[in-house]
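Colleague: For reference, the structure I am asking about is given below.
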Amino acid sequence: MKKDMLAVSHLMPCSVVLLSAGNGTKKDAMTATSMFVSEDPPLFVVSVDRGHLTHALIEETGQFVLNVASVGQVKLARGLGSTHGDRVDKFKKFSIATEKARVVSAPVIKGSAVSIECKVITSFPVGTYTLYLAGAVDFTVNKALTPLAWHFNRFYSVKDEVK
Ligand SMILES: Cc1cc2nc3c(=O)[nH]c(=O)nc-3n(C[C@H](O)[C@H](O)[C@H](O)COP(=O)(O)O)c2cc1C
């Protein structure tokens with residue numbers, strides 16, 4: 001039996017982030033997955049397809065916000081993951097409420113479980129993607145909200161602890 005290697009990426013449960021970037025006049029956001037690679041210092045990686053407008057804005061500014069999607073943002077996560085900012089203003093289309101980040105130029109998306117403001121430390125090309133290693137420079141937590149996870153192409157709540 002031939003294995004479908006393209007399905008491999010669906011095997012691992014992933015974080016769901018609304019990755020936002022902006023240069024003050026233009027902004028975009030896309031759904032992505034991210035992971036932390038160091039707690040102290042706080043470092044994260046995210047890989048972004050080079051064809052995306054979000055990618056262009058990260059390249060221009062060296063900054064982004066990892067807005068950890070909450071359960072209430074599942075429709076937004078689907079929408080931001082299936083539309084392209086160079087064709088439509090996603091902030092208007094999905095009526096996204098934002099606030100100014102404290103340190104970076106990218107917008108913070110309201111209603112997210114956590115918003116982590118990041119500055120790129122280094123990046124390198126991987127296939128059609130750029131892998132960014134970034135350091136957290138500020139963050140906002142909304143403890144009342146439950147984050148989403150992604151597995152086998154479906155979204156899940158991470159609410160229930162298993163003992
Ligand atoms: C759950 C989920 C995770 C995704 N993860 C990534 C990712 O890590 N990197 C990426 O480049 N695209 C990822 N995508 C696809 C982008 O969100 C999608 O191509 C988006 O339309 C790009 O937006 P933009 O063109 O406005 O930048 C993901 C989509 C979904 C639904």
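Going through the structure tokens in order, the chains are called A, B, and so on, while each chain numbers its residues from 1 and the ligands are numbered from 1 in the order shown.
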Among the residues of stretch 57-98 of chain A, find those DSSP assigns to alpha helix (DSSP H) from the backbone and print them as a ChimeraX atom specification.
Modeller: /A:57-61,74-80,90-93
Colleague: List the spatial neighbours of stretch 53-61 of chain A as number ranges by chain - criterion: any atom at most 12 Å away, only C-alpha atoms, same-chain residues fewer than 4 positions off excluded.
Modeller: A: 18-32, 46-49, 65, 80-81, 83-90, 104-107, 118-125, 128-134
Colleague: Which residues come within 7 Å of stretch 140-156 of chain A, counting only C-alpha atoms, excluding same-chain residues fewer than 6 positions away, as a PyMOL selection string?
Modeller: chain A and resi 10-16+68-71+113-116
Colleague: List every residue of stretch 106-158 of chain A that DSSP, applied to the backbone of this structure, places in strand (DSSP E or B), and write the result as JSON, numbers by chain.
Modeller: {"A": [108, 109, 114, 115, 116, 117, 118, 119, 120, 121, 122, 123, 124, 125, 126, 129, 130, 131, 132, 133, 134, 135, 136, 137, 138, 139, 140, 141, 147, 148, 149, 150, 151, 154, 155, 156, 157]}
Colleague: Would you save the residues of that selection, restricted to N, CA and C atoms, as a CSV table (one decimal), in the first residue's frame?
Modeller:
```csv
chain,number,residue,atom,x,y,z
A,108,VAL,N,-3.1,43.7,16.9
A,108,VAL,CA,-3.6,42.6,17.8
A,108,VAL,C,-5.1,42.3,17.5
A,109,ILE,N,-5.4,41.1,17.4
A,109,ILE,CA,-6.8,40.7,17.0
A,109,ILE,C,-7.6,40.4,18.3
A,114,VAL,N,-4.7,34.5,23.5
A,114,VAL,CA,-3.4,35.1,23.8
A,114,VAL,C,-2.9,35.9,22.6
A,115,SER,N,-2.3,37.0,22.7
A,115,SER,CA,-1.7,37.7,21.6
A,115,SER,C,-0.2,38.0,22.0
A,116,ILE,N,0.7,37.4,21.2
A,116,ILE,CA,2.1,37.4,21.5
A,116,ILE,C,2.8,38.3,20.4
A,117,GLU,N,3.3,39.4,20.8
A,117,GLU,CA,4.0,40.3,19.9
A,117,GLU,C,5.4,39.8,19.7
A,118,CYS,N,5.8,39.7,18.4
A,118,CYS,CA,7.1,39.1,18.1
A,118,CYS,C,7.9,39.9,17.1
A,119,LYS,N,9.2,39.8,17.3
A,119,LYS,CA,10.2,40.4,16.4
A,119,LYS,C,11.1,39.2,15.8
A,120,VAL,N,11.2,39.2,14.5
A,120,VAL,CA,12.0,38.1,13.9
A,120,VAL,C,13.5,38.2,14.2
A,121,ILE,N,14.0,37.1,14.6
A,121,ILE,CA,15.5,37.0,14.9
A,121,ILE,C,16.2,36.5,13.7
A,122,THR,N,15.7,35.5,13.1
A,122,THR,CA,16.3,34.9,11.9
A,122,THR,C,15.3,34.2,11.1
A,123,SER,N,15.6,33.9,9.8
A,123,SER,CA,14.7,33.2,9.0
A,123,SER,C,15.5,32.5,7.9
A,124,PHE,N,14.9,31.4,7.4
A,124,PHE,CA,15.5,30.7,6.2
A,124,PHE,C,14.4,30.0,5.4
A,125,PRO,N,14.7,29.9,4.1
A,125,PRO,CA,13.7,29.2,3.2
A,125,PRO,C,13.6,27.7,3.4
A,126,VAL,N,12.4,27.2,3.4
A,126,VAL,CA,12.1,25.8,3.5
A,126,VAL,C,11.1,25.5,2.4
A,129,TYR,N,8.2,27.8,1.7
A,129,TYR,CA,7.9,28.6,2.9
A,129,TYR,C,9.2,29.3,3.4
A,130,THR,N,9.0,30.3,4.2
A,130,THR,CA,10.1,30.9,5.0
A,130,THR,C,9.8,30.5,6.5
A,131,LEU,N,10.8,30.0,7.1
A,131,LEU,CA,10.7,29.6,8.5
A,131,LEU,C,11.2,30.8,9.3
A,132,TYR,N,10.4,31.3,10.2
A,132,TYR,CA,10.8,32.5,11.0
A,132,TYR,C,11.0,32.0,12.5
A,133,LEU,N,12.1,32.4,13.0
A,133,LEU,CA,12.4,32.2,14.4
A,133,LEU,C,12.2,33.6,15.0
A,134,ALA,N,11.3,33.8,16.0
A,134,ALA,CA,11.1,35.1,16.5
A,134,ALA,C,11.0,35.1,18.0
A,135,GLY,N,11.4,36.3,18.6
A,135,GLY,CA,11.3,36.4,20.0
A,135,GLY,C,10.1,37.2,20.4
A,136,ALA,N,9.5,36.8,21.6
A,136,ALA,CA,8.3,37.6,22.1
A,136,ALA,C,8.8,38.8,22.8
A,137,VAL,N,8.2,40.0,22.4
A,137,VAL,CA,8.6,41.2,23.0
A,137,VAL,C,7.5,41.8,24.0
A,138,ASP,N,6.3,41.2,23.8
A,138,ASP,CA,5.2,41.6,24.7
A,138,ASP,C,4.1,40.6,24.5
A,139,PHE,N,3.1,40.6,25.4
A,139,PHE,CA,2.0,39.7,25.2
A,139,PHE,C,0.8,40.1,26.0
A,140,THR,N,-0.4,39.7,25.6
A,140,THR,CA,-1.7,39.9,26.3
A,140,THR,C,-2.4,38.6,26.4
A,141,VAL,N,-2.8,38.3,27.6
A,141,VAL,CA,-3.5,37.0,27.9
A,141,VAL,C,-5.0,37.3,28.2
A,147,PRO,N,-8.3,28.1,24.0
A,147,PRO,CA,-7.7,28.1,22.7
A,147,PRO,C,-8.2,26.9,21.8
A,148,LEU,N,-8.0,27.1,20.6
A,148,LEU,CA,-8.3,26.0,19.6
A,148,LEU,C,-7.1,25.2,19.3
A,149,ALA,N,-7.3,23.9,18.9
A,149,ALA,CA,-6.2,23.1,18.3
A,149,ALA,C,-6.7,22.6,17.0
A,150,TRP,N,-5.8,22.1,16.2
A,150,TRP,CA,-6.1,21.6,14.8
A,150,TRP,C,-5.6,20.2,14.6
A,151,HIS,N,-6.4,19.3,14.2
A,151,HIS,CA,-5.9,17.9,14.0
A,151,HIS,C,-6.8,17.2,12.9
A,154,ARG,N,-9.4,19.3,11.3
A,154,ARG,CA,-10.6,19.7,12.0
A,154,ARG,C,-10.1,20.6,13.2
A,155,PHE,N,-11.0,21.4,13.7
A,155,PHE,CA,-10.7,22.3,14.8
A,155,PHE,C,-11.3,21.7,16.1
A,156,TYR,N,-10.5,21.8,17.2
A,156,TYR,CA,-11.0,21.3,18.5
A,156,TYR,C,-10.7,22.3,19.6
A,157,SER,N,-11.5,22.2,20.7
A,157,SER,CA,-11.3,23.0,21.9
A,157,SER,C,-10.2,22.2,22.7
```
Colleague: Between A:Phe64, A:Ala77, A:Gly72, A:Ser9, which has the minimum distance to ligand 1 (counting only C-alpha atoms and all ligand atoms)?
Modeller: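 Closest to ligand 1, using only C-alpha atoms and all ligand atoms: A:Ala77.
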